[in-house]
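Colleague: Dropping a structure here in structure tokens format, bear with me for questions.
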Amino acid sequence: MTPETLPWWEDGERHLGTALGRLTDEEFGADSLLPGWTRSHVLAHVAHNADALVNLLTWARTGVETPMYASQEVRNTGIAETAQLPADELRGEVLGATERLVEAVRTMPEEAWSAEVRTMQGRDVPALEIPWMRCREVWVHAVDLNSGVTFADVPEDVQAALVDDVFRMWDRRDQVPDVVLFAGDREWGTGSLAVAGPLPAVTAWVTGRSRGDDLTADGPLPSLAAWL
């Protein structure tokens, strides 16, 4: 966890709360930017993710293995069921789960942050990574709500950290595309295809939220591996 992570996360929760507050009850059922998911599905996932991260903090604090979710099936079922709640109840689920996560972070013993826990993808990570795991969720899913928030509304440092995260994930799985990616004075990758564009367009492309139409390249854009 870098010194910036907690403020980024706190700002991200407020940002998501603002996006949520813009939605009328009737707008919850509209499509999100994620295929097959409505805005209600995105919000249900955000709520369940907060509680899943509380589980990891509990694991780190107590030493008792407490997975994020009992299984992928349990995760998916929980999201589907919560997405069916009336809008006011779903709002309450998001806010309540966020409050539980905030409390768990605030009361975390200093020594417990170095404890190892396991992500849903099976990675062993120190608990220090948990605030960043939530940070990326809230900023990206605020965009996924498709309610007028875009990556241009995300702080540039957070966007750059998101692109860093994507490249780290690709590197771990040996799936880094053959590109060198430019956004202003920022650069990622060492591949043969030069790709450039504004940072929001770069962030949207590498996180799978766009096809890269706002980017320029000296050849066809490659298909990208999934991020998370």
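Every chain in the structure tokens has a letter given in the order shown (A, B, ...), and although residue numbers restart at 1 in each chain, ligands are simply numbered from 1 in the order shown.
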Run DSSP on the backbone and tell me which residues of stretch 101-156 of chain A come out as alpha helix (DSSP H); list them as a PyMOL selection string.

Modeller: chain A and resi 101-106+130-144+156

Colleague: If you keep N, CA and C atoms, can you produce a file of those selected residues as a tab-separated table (two decimals), in the first residue's frame?

Modeller:
chain	number	residue	atom	x	y	z
A	101	LEU	N	-16.57	-2.07	5.38
A	101	LEU	CA	-15.19	-2.12	4.92
A	101	LEU	C	-14.38	-0.98	5.52
A	102	VAL	N	-14.94	0.21	5.54
A	102	VAL	CA	-14.23	1.36	6.13
A	102	VAL	C	-13.89	1.08	7.59
A	103	GLU	N	-14.83	0.52	8.32
A	103	GLU	CA	-14.58	0.21	9.74
A	103	GLU	C	-13.50	-0.85	9.89
A	104	ALA	N	-13.52	-1.86	9.01
A	104	ALA	CA	-12.51	-2.92	9.09
A	104	ALA	C	-11.11	-2.38	8.81
A	105	VAL	N	-11.02	-1.45	7.86
A	105	VAL	CA	-9.71	-0.86	7.56
A	105	VAL	C	-9.24	0.00	8.72
A	106	ARG	N	-10.15	0.80	9.26
A	106	ARG	CA	-9.78	1.72	10.35
A	106	ARG	C	-9.32	0.99	11.60
A	130	ILE	N	-5.09	-4.75	-0.03
A	130	ILE	CA	-6.56	-4.73	-0.04
A	130	ILE	C	-7.13	-3.35	-0.33
A	131	PRO	N	-6.63	-2.26	0.27
A	131	PRO	CA	-7.17	-0.95	-0.10
A	131	PRO	C	-7.04	-0.65	-1.59
A	132	TRP	N	-5.93	-1.05	-2.21
A	132	TRP	CA	-5.80	-0.85	-3.66
A	132	TRP	C	-6.80	-1.71	-4.42
A	133	MET	N	-7.01	-2.94	-3.97
A	133	MET	CA	-7.99	-3.81	-4.63
A	133	MET	C	-9.37	-3.15	-4.65
A	134	ARG	N	-9.73	-2.49	-3.56
A	134	ARG	CA	-11.02	-1.80	-3.51
A	134	ARG	C	-10.97	-0.50	-4.32
A	135	CYS	N	-9.84	0.17	-4.28
A	135	CYS	CA	-9.68	1.42	-5.03
A	135	CYS	C	-9.99	1.22	-6.50
A	136	ARG	N	-9.40	0.20	-7.09
A	136	ARG	CA	-9.62	-0.01	-8.52
A	136	ARG	C	-11.08	-0.40	-8.80
A	137	GLU	N	-11.69	-1.13	-7.88
A	137	GLU	CA	-13.09	-1.51	-8.05
A	137	GLU	C	-14.00	-0.28	-8.14
A	138	VAL	N	-13.85	0.63	-7.17
A	138	VAL	CA	-14.81	1.73	-7.10
A	138	VAL	C	-14.63	2.72	-8.24
A	139	TRP	N	-13.39	3.02	-8.61
A	139	TRP	CA	-13.19	3.96	-9.70
A	139	TRP	C	-13.66	3.38	-11.03
A	140	VAL	N	-13.31	2.13	-11.31
A	140	VAL	CA	-13.67	1.54	-12.60
A	140	VAL	C	-15.17	1.27	-12.69
A	141	HIS	N	-15.77	0.77	-11.62
A	141	HIS	CA	-17.20	0.47	-11.68
A	141	HIS	C	-18.07	1.72	-11.67
A	142	ALA	N	-17.54	2.84	-11.17
A	142	ALA	CA	-18.27	4.10	-11.32
A	142	ALA	C	-18.43	4.43	-12.80
A	143	VAL	N	-17.39	4.13	-13.59
A	143	VAL	CA	-17.50	4.30	-15.04
A	143	VAL	C	-18.48	3.29	-15.63
A	144	ASP	N	-18.39	2.04	-15.16
A	144	ASP	CA	-19.24	0.97	-15.70
A	144	ASP	C	-20.73	1.24	-15.50
A	156	GLU	N	-5.65	11.53	-12.78
A	156	GLU	CA	-4.64	10.96	-13.67
A	156	GLU	C	-3.73	9.98	-12.95

Colleague: Give me every strand (DSSP E or B) residue in stretch 189-224 of chain A, going by DSSP on the backbone, as a ChimeraX atom specification.

Modeller: /A:193-196,216-217

Colleague: Between A:Met108, A:Ala30, A:Ala225, A:Gln84, which has the minimum distance to A:Asp171 (counting only C-alpha atoms)?

Modeller: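 So, comparing all the options, the nearest one is A:Ala225.
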
Colleague: Quick one: everything within 12 Å of stretch 149-152 of chain A, counting only C-alpha atoms, minus sequence neighbours fewer than 4 positions away in the same chain. Send it as a PDB file with C-alpha atoms, in the first residue's frame.

Modeller:
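File produced: selection-v1.pdb:
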ATOM      1  CA  HIS A  15     -16.941   9.271  -6.456  1.00  0.00           C
ATOM      2  CA  LEU A  16     -18.937   6.053  -6.713  1.00  0.00           C
ATOM      3  CA  GLY A  17     -21.423   7.406  -4.178  1.00  0.00           C
ATOM      4  CA  THR A  18     -21.913  10.478  -6.359  1.00  0.00           C
ATOM      5  CA  ALA A  19     -22.503   8.304  -9.426  1.00  0.00           C
ATOM      6  CA  LEU A  20     -24.956   6.194  -7.438  1.00  0.00           C
ATOM      7  CA  ARG A  22     -27.351  10.467  -9.771  1.00  0.00           C
ATOM      8  CA  LEU A  23     -29.383   7.373 -10.592  1.00  0.00           C
ATOM      9  CA  SER A  32     -24.170  -0.951 -17.691  1.00  0.00           C
ATOM     10  CA  LEU A  33     -20.986  -0.940 -19.765  1.00  0.00           C
ATOM     11  CA  ARG A 136      -9.616  -0.011  -8.518  1.00  0.00           C
ATOM     12  CA  VAL A 138     -14.814   1.726  -7.101  1.00  0.00           C
ATOM     13  CA  TRP A 139     -13.187   3.959  -9.704  1.00  0.00           C
ATOM     14  CA  VAL A 140     -13.670   1.540 -12.603  1.00  0.00           C
ATOM     15  CA  HIS A 141     -17.195   0.467 -11.683  1.00  0.00           C
ATOM     16  CA  ALA A 142     -18.267   4.103 -11.318  1.00  0.00           C
ATOM     17  CA  VAL A 143     -17.497   4.303 -15.039  1.00  0.00           C
ATOM     18  CA  ASP A 144     -19.241   0.975 -15.699  1.00  0.00           C
ATOM     19  CA  LEU A 145     -22.507   2.390 -14.309  1.00  0.00           C
ATOM     20  CA  GLU A 156      -4.640  10.962 -13.669  1.00  0.00           C
ATOM     21  CA  ASP A 157      -2.488   9.349 -10.967  1.00  0.00           C
ATOM     22  CA  VAL A 158      -5.224   6.781 -10.343  1.00  0.00           C
ATOM     23  CA  GLN A 159      -5.579   6.098 -14.058  1.00  0.00           C
ATOM     24  CA  ALA A 160      -1.825   5.581 -14.374  1.00  0.00           C
ATOM     25  CA  LEU A 162      -4.724   1.276 -13.039  1.00  0.00           C
ATOM     26  CA  VAL A 163      -2.699   0.880 -16.248  1.00  0.00           C
ATOM     27  CA  PRO A 198      -5.059  10.483 -24.148  1.00  0.00           C
ATOM     28  CA  LEU A 199      -4.727   8.784 -20.771  1.00  0.00           C
ATOM     29  CA  PRO A 200      -8.501   8.201 -20.372  1.00  0.00           C
ATOM     30  CA  ALA A 201      -8.581   6.438 -23.739  1.00  0.00           C
ATOM     31  CA  VAL A 202      -5.559   4.314 -22.808  1.00  0.00           C
ATOM     32  CA  THR A 203      -7.098   3.401 -19.451  1.00  0.00           C
ATOM     33  CA  ALA A 204     -10.413   2.473 -21.037  1.00  0.00           C
ATOM     34  CA  TRP A 205      -8.708   0.275 -23.634  1.00  0.00           C
ATOM     35  CA  VAL A 206      -6.407  -1.714 -21.345  1.00  0.00           C
ATOM     36  CA  THR A 207      -9.179  -2.290 -18.781  1.00  0.00           C
ATOM     37  CA  ARG A 209     -13.875  -0.750 -21.470  1.00  0.00           C
ATOM     38  CA  SER A 210     -13.297   0.354 -25.068  1.00  0.00           C
TER      39      SER A 210
END

Colleague: Near A:Thr98, within 8 Å and counting only C-alpha atoms, which residues show up once chain neighbours fewer than 2 positions away are dropped, as a VMD selection string?

Modeller: chain A and resid 13 47 50 to 51 94 to 96 100 to 102

Colleague: Using only N, CA, C and O atoms, please write the residues we just selected to a file, as a compact mmCIF listing (two decimals), in the first residue's frame.

Modeller:
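Okay, result09.txt is ready:
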# COMPACT_ATOMS: atom_id res chain seq x y z
N GLU A 13 -14.54 5.96 -3.24
CA GLU A 13 -15.83 5.64 -2.63
C GLU A 13 -16.79 6.83 -2.74
O GLU A 13 -17.97 6.65 -3.05
N ALA A 47 -21.19 -4.00 -3.77
CA ALA A 47 -21.54 -4.29 -2.37
C ALA A 47 -20.91 -5.60 -1.90
O ALA A 47 -20.29 -5.66 -0.83
N ALA A 50 -17.12 -5.37 -1.32
CA ALA A 50 -16.73 -4.76 -0.04
C ALA A 50 -16.73 -5.78 1.07
O ALA A 50 -15.78 -5.88 1.86
N ASP A 51 -17.79 -6.58 1.14
CA ASP A 51 -17.85 -7.60 2.19
C ASP A 51 -16.81 -8.69 1.98
O ASP A 51 -16.26 -9.25 2.94
N VAL A 94 -25.20 -1.23 -0.82
CA VAL A 94 -23.91 -0.65 -1.21
C VAL A 94 -23.33 0.18 -0.07
O VAL A 94 -22.15 0.03 0.31
N LEU A 95 -24.14 1.04 0.50
CA LEU A 95 -23.65 1.93 1.55
C LEU A 95 -23.29 1.16 2.82
O LEU A 95 -22.27 1.43 3.47
N GLY A 96 -24.10 0.16 3.17
CA GLY A 96 -23.83 -0.63 4.36
C GLY A 96 -22.54 -1.42 4.24
O GLY A 96 -21.72 -1.47 5.17
N ARG A 100 -18.98 -1.09 6.39
CA ARG A 100 -18.32 -2.22 7.06
C ARG A 100 -16.86 -2.31 6.65
O ARG A 100 -15.97 -2.59 7.48
N LEU A 101 -16.57 -2.07 5.38
CA LEU A 101 -15.19 -2.12 4.92
C LEU A 101 -14.38 -0.98 5.52
O LEU A 101 -13.24 -1.18 5.97
N VAL A 102 -14.94 0.21 5.54
CA VAL A 102 -14.23 1.36 6.13
C VAL A 102 -13.89 1.08 7.59
O VAL A 102 -12.76 1.33 8.04

Colleague: Find the distance between atom CA of A:Val117 and atom CA of A:Val176 and write it in Å to one decimal.

Modeller: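 Result for atom CA of A:Val117 versus atom CA of A:Val176: 25.5 Å, one decimal.
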
Colleague: Can you work out which one of A:Gly21, A:Gly63, A:Gly219, A:Gly122 has the shortest atom-to-atom distance to A:Arg91, counting only C-alpha atoms?

Modeller: A:Gly21

Colleague: Pick from A:Arg118, A:Ala196, A:Ser147, A:Glu111: nearest to A:Phe182, with only C-alpha atoms counted?

Modeller: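 Of A:Arg118, A:Ala196, A:Ser147, A:Glu111, the one nearest A:Phe182, counting only C-alpha atoms, is A:Ala196.
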
Colleague: Using only C-alpha atoms, which residues sit within 12 Å of A:Trp59 once same-chain residues fewer than 3 positions away are excluded, as a list in words?

Modeller: Ala52, Leu53, Val54, Asn55, Leu56, Thr62, Gly63, Val64, Glu65, Thr66, Pro67, Met68, Ala104, Met108, Ala112, Trp113, Ser114, Ala115, Glu116, Val117, Arg118, Thr119, Val125, Pro126, Ala127 and Ile130 of chain A

Colleague: Of the candidates A:Asn146, A:Val180, A:Leu57, A:Arg186, which shows the shortest atom-to-atom distance to A:Ala161, using only C-alpha atoms?

Modeller: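 Answer, going by the shortest atom-to-atom distance: A:Arg186.
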
Colleague: Could you pull the residues within 10 Å of A:Pro86, counting only C-alpha atoms, minus those fewer than 2 positions along the same chain, as a PDB file with all heavy atoms, in the first residue's frame?

Modeller:
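Saved file result.pdb follows:
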ATOM      1  N   ASP A  25     -34.511   5.640  -9.364  1.00  0.00           N
ATOM      2  CA  ASP A  25     -34.884   4.238  -9.182  1.00  0.00           C
ATOM      3  C   ASP A  25     -35.093   3.546 -10.527  1.00  0.00           C
ATOM      4  O   ASP A  25     -34.707   2.377 -10.704  1.00  0.00           O
ATOM      5  CB  ASP A  25     -36.173   4.135  -8.364  1.00  0.00           C
ATOM      6  CG  ASP A  25     -35.970   4.538  -6.909  1.00  0.00           C
ATOM      7  OD1 ASP A  25     -34.839   4.932  -6.547  1.00  0.00           O
ATOM      8  OD2 ASP A  25     -36.948   4.472  -6.130  1.00  0.00           O
ATOM      9  N   GLU A  26     -35.686   4.265 -11.476  1.00  0.00           N
ATOM     10  CA  GLU A  26     -36.021   3.663 -12.764  1.00  0.00           C
ATOM     11  C   GLU A  26     -34.775   3.369 -13.599  1.00  0.00           C
ATOM     12  O   GLU A  26     -34.826   2.540 -14.516  1.00  0.00           O
ATOM     13  CB  GLU A  26     -36.949   4.592 -13.558  1.00  0.00           C
ATOM     14  CG  GLU A  26     -38.329   4.794 -12.947  1.00  0.00           C
ATOM     15  CD  GLU A  26     -38.302   5.669 -11.692  1.00  0.00           C
ATOM     16  OE1 GLU A  26     -37.370   6.505 -11.557  1.00  0.00           O
ATOM     17  OE2 GLU A  26     -39.204   5.502 -10.845  1.00  0.00           O
ATOM     18  N   PHE A  28     -31.912   2.064 -12.531  1.00  0.00           N
ATOM     19  CA  PHE A  28     -31.094   0.946 -12.038  1.00  0.00           C
ATOM     20  C   PHE A  28     -31.101  -0.235 -13.001  1.00  0.00           C
ATOM     21  O   PHE A  28     -30.117  -0.959 -13.110  1.00  0.00           O
ATOM     22  CB  PHE A  28     -31.590   0.488 -10.664  1.00  0.00           C
ATOM     23  CG  PHE A  28     -31.015   1.272  -9.516  1.00  0.00           C
ATOM     24  CD1 PHE A  28     -31.131   2.641  -9.460  1.00  0.00           C
ATOM     25  CD2 PHE A  28     -30.373   0.627  -8.470  1.00  0.00           C
ATOM     26  CE1 PHE A  28     -30.621   3.380  -8.404  1.00  0.00           C
ATOM     27  CE2 PHE A  28     -29.846   1.342  -7.403  1.00  0.00           C
ATOM     28  CZ  PHE A  28     -29.966   2.718  -7.375  1.00  0.00           C
ATOM     29  N   SER A  40     -27.806  -2.392 -11.806  1.00  0.00           N
ATOM     30  CA  SER A  40     -28.064  -3.083 -10.541  1.00  0.00           C
ATOM     31  C   SER A  40     -27.052  -4.187 -10.298  1.00  0.00           C
ATOM     32  O   SER A  40     -26.614  -4.407  -9.163  1.00  0.00           O
ATOM     33  CB  SER A  40     -29.488  -3.660 -10.516  1.00  0.00           C
ATOM     34  OG  SER A  40     -30.451  -2.631 -10.430  1.00  0.00           O
ATOM     35  N   THR A  82     -28.905 -10.127  -5.340  1.00  0.00           N
ATOM     36  CA  THR A  82     -28.891  -8.759  -4.824  1.00  0.00           C
ATOM     37  C   THR A  82     -29.307  -7.761  -5.898  1.00  0.00           C
ATOM     38  O   THR A  82     -29.945  -6.741  -5.603  1.00  0.00           O
ATOM     39  CB  THR A  82     -27.500  -8.408  -4.275  1.00  0.00           C
ATOM     40  OG1 THR A  82     -27.141  -9.351  -3.268  1.00  0.00           O
ATOM     41  CG2 THR A  82     -27.459  -7.013  -3.675  1.00  0.00           C
ATOM     42  N   ALA A  83     -28.974  -8.050  -7.146  1.00  0.00           N
ATOM     43  CA  ALA A  83     -29.338  -7.157  -8.246  1.00  0.00           C
ATOM     44  C   ALA A  83     -30.853  -7.055  -8.429  1.00  0.00           C
ATOM     45  O   ALA A  83     -31.339  -6.103  -9.058  1.00  0.00           O
ATOM     46  CB  ALA A  83     -28.689  -7.628  -9.538  1.00  0.00           C
ATOM     47  N   GLN A  84     -31.587  -8.006  -7.884  1.00  0.00           N
ATOM     48  CA  GLN A  84     -33.048  -7.985  -8.022  1.00  0.00           C
ATOM     49  C   GLN A  84     -33.735  -7.149  -6.943  1.00  0.00           C
ATOM     50  O   GLN A  84     -34.955  -6.971  -6.980  1.00  0.00           O
ATOM     51  CB  GLN A  84     -33.589  -9.424  -7.981  1.00  0.00           C
ATOM     52  CG  GLN A  84     -33.035 -10.347  -9.048  1.00  0.00           C
ATOM     53  CD  GLN A  84     -33.188  -9.781 -10.450  1.00  0.00           C
ATOM     54  OE1 GLN A  84     -34.271  -9.338 -10.826  1.00  0.00           O
ATOM     55  NE2 GLN A  84     -32.108  -9.791 -11.223  1.00  0.00           N
ATOM     56  N   ASP A  88     -34.049   1.226  -3.583  1.00  0.00           N
ATOM     57  CA  ASP A  88     -33.694   1.798  -2.273  1.00  0.00           C
ATOM     58  C   ASP A  88     -32.965   0.773  -1.408  1.00  0.00           C
ATOM     59  O   ASP A  88     -32.028   1.114  -0.680  1.00  0.00           O
ATOM     60  CB  ASP A  88     -34.930   2.347  -1.554  1.00  0.00           C
ATOM     61  CG  ASP A  88     -36.012   1.301  -1.330  1.00  0.00           C
ATOM     62  OD1 ASP A  88     -36.011   0.276  -2.042  1.00  0.00           O
ATOM     63  OD2 ASP A  88     -36.862   1.509  -0.448  1.00  0.00           O
ATOM     64  N   GLU A  89     -33.362  -0.498  -1.511  1.00  0.00           N
ATOM     65  CA  GLU A  89     -32.672  -1.538  -0.748  1.00  0.00           C
ATOM     66  C   GLU A  89     -31.258  -1.771  -1.289  1.00  0.00           C
ATOM     67  O   GLU A  89     -30.309  -1.994  -0.525  1.00  0.00           O
ATOM     68  CB  GLU A  89     -33.471  -2.841  -0.783  1.00  0.00           C
ATOM     69  CG  GLU A  89     -34.778  -2.782  -0.002  1.00  0.00           C
ATOM     70  CD  GLU A  89     -35.476  -4.131   0.037  1.00  0.00           C
ATOM     71  OE1 GLU A  89     -34.777  -5.174   0.009  1.00  0.00           O
ATOM     72  OE2 GLU A  89     -36.720  -4.150   0.080  1.00  0.00           O
ATOM     73  N   LEU A  90     -31.111  -1.704  -2.605  1.00  0.00           N
ATOM     74  CA  LEU A  90     -29.788  -1.912  -3.207  1.00  0.00           C
ATOM     75  C   LEU A  90     -28.852  -0.770  -2.819  1.00  0.00           C
ATOM     76  O   LEU A  90     -27.672  -0.999  -2.524  1.00  0.00           O
ATOM     77  CB  LEU A  90     -29.915  -2.033  -4.724  1.00  0.00           C
ATOM     78  CG  LEU A  90     -28.644  -2.335  -5.514  1.00  0.00           C
ATOM     79  CD1 LEU A  90     -27.870  -3.507  -4.913  1.00  0.00           C
ATOM     80  CD2 LEU A  90     -28.987  -2.622  -6.976  1.00  0.00           C
ATOM     81  N   ARG A  91     -29.362   0.442  -2.806  1.00  0.00           N
ATOM     82  CA  ARG A  91     -28.546   1.564  -2.326  1.00  0.00           C
ATOM     83  C   ARG A  91     -28.053   1.282  -0.903  1.00  0.00           C
ATOM     84  O   ARG A  91     -26.894   1.505  -0.569  1.00  0.00           O
ATOM     85  CB  ARG A  91     -29.358   2.857  -2.329  1.00  0.00           C
ATOM     86  CG  ARG A  91     -29.563   3.490  -3.675  1.00  0.00           C
ATOM     87  CD  ARG A  91     -30.149   4.898  -3.536  1.00  0.00           C
ATOM     88  NE  ARG A  91     -30.588   5.415  -4.827  1.00  0.00           N
ATOM     89  CZ  ARG A  91     -31.819   5.296  -5.301  1.00  0.00           C
ATOM     90  NH1 ARG A  91     -32.758   4.692  -4.573  1.00  0.00           N
ATOM     91  NH2 ARG A  91     -32.128   5.783  -6.485  1.00  0.00           N
TER      92      ARG A  91
END

Colleague: Restricting the calculation to only C-alpha atoms, which member of A:Ile79, A:Val154, A:Ala97, A:Ala60 is positioned closest to A:His41?

Modeller: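 Distance minimum relative to A:His41 lands on A:Ile79.
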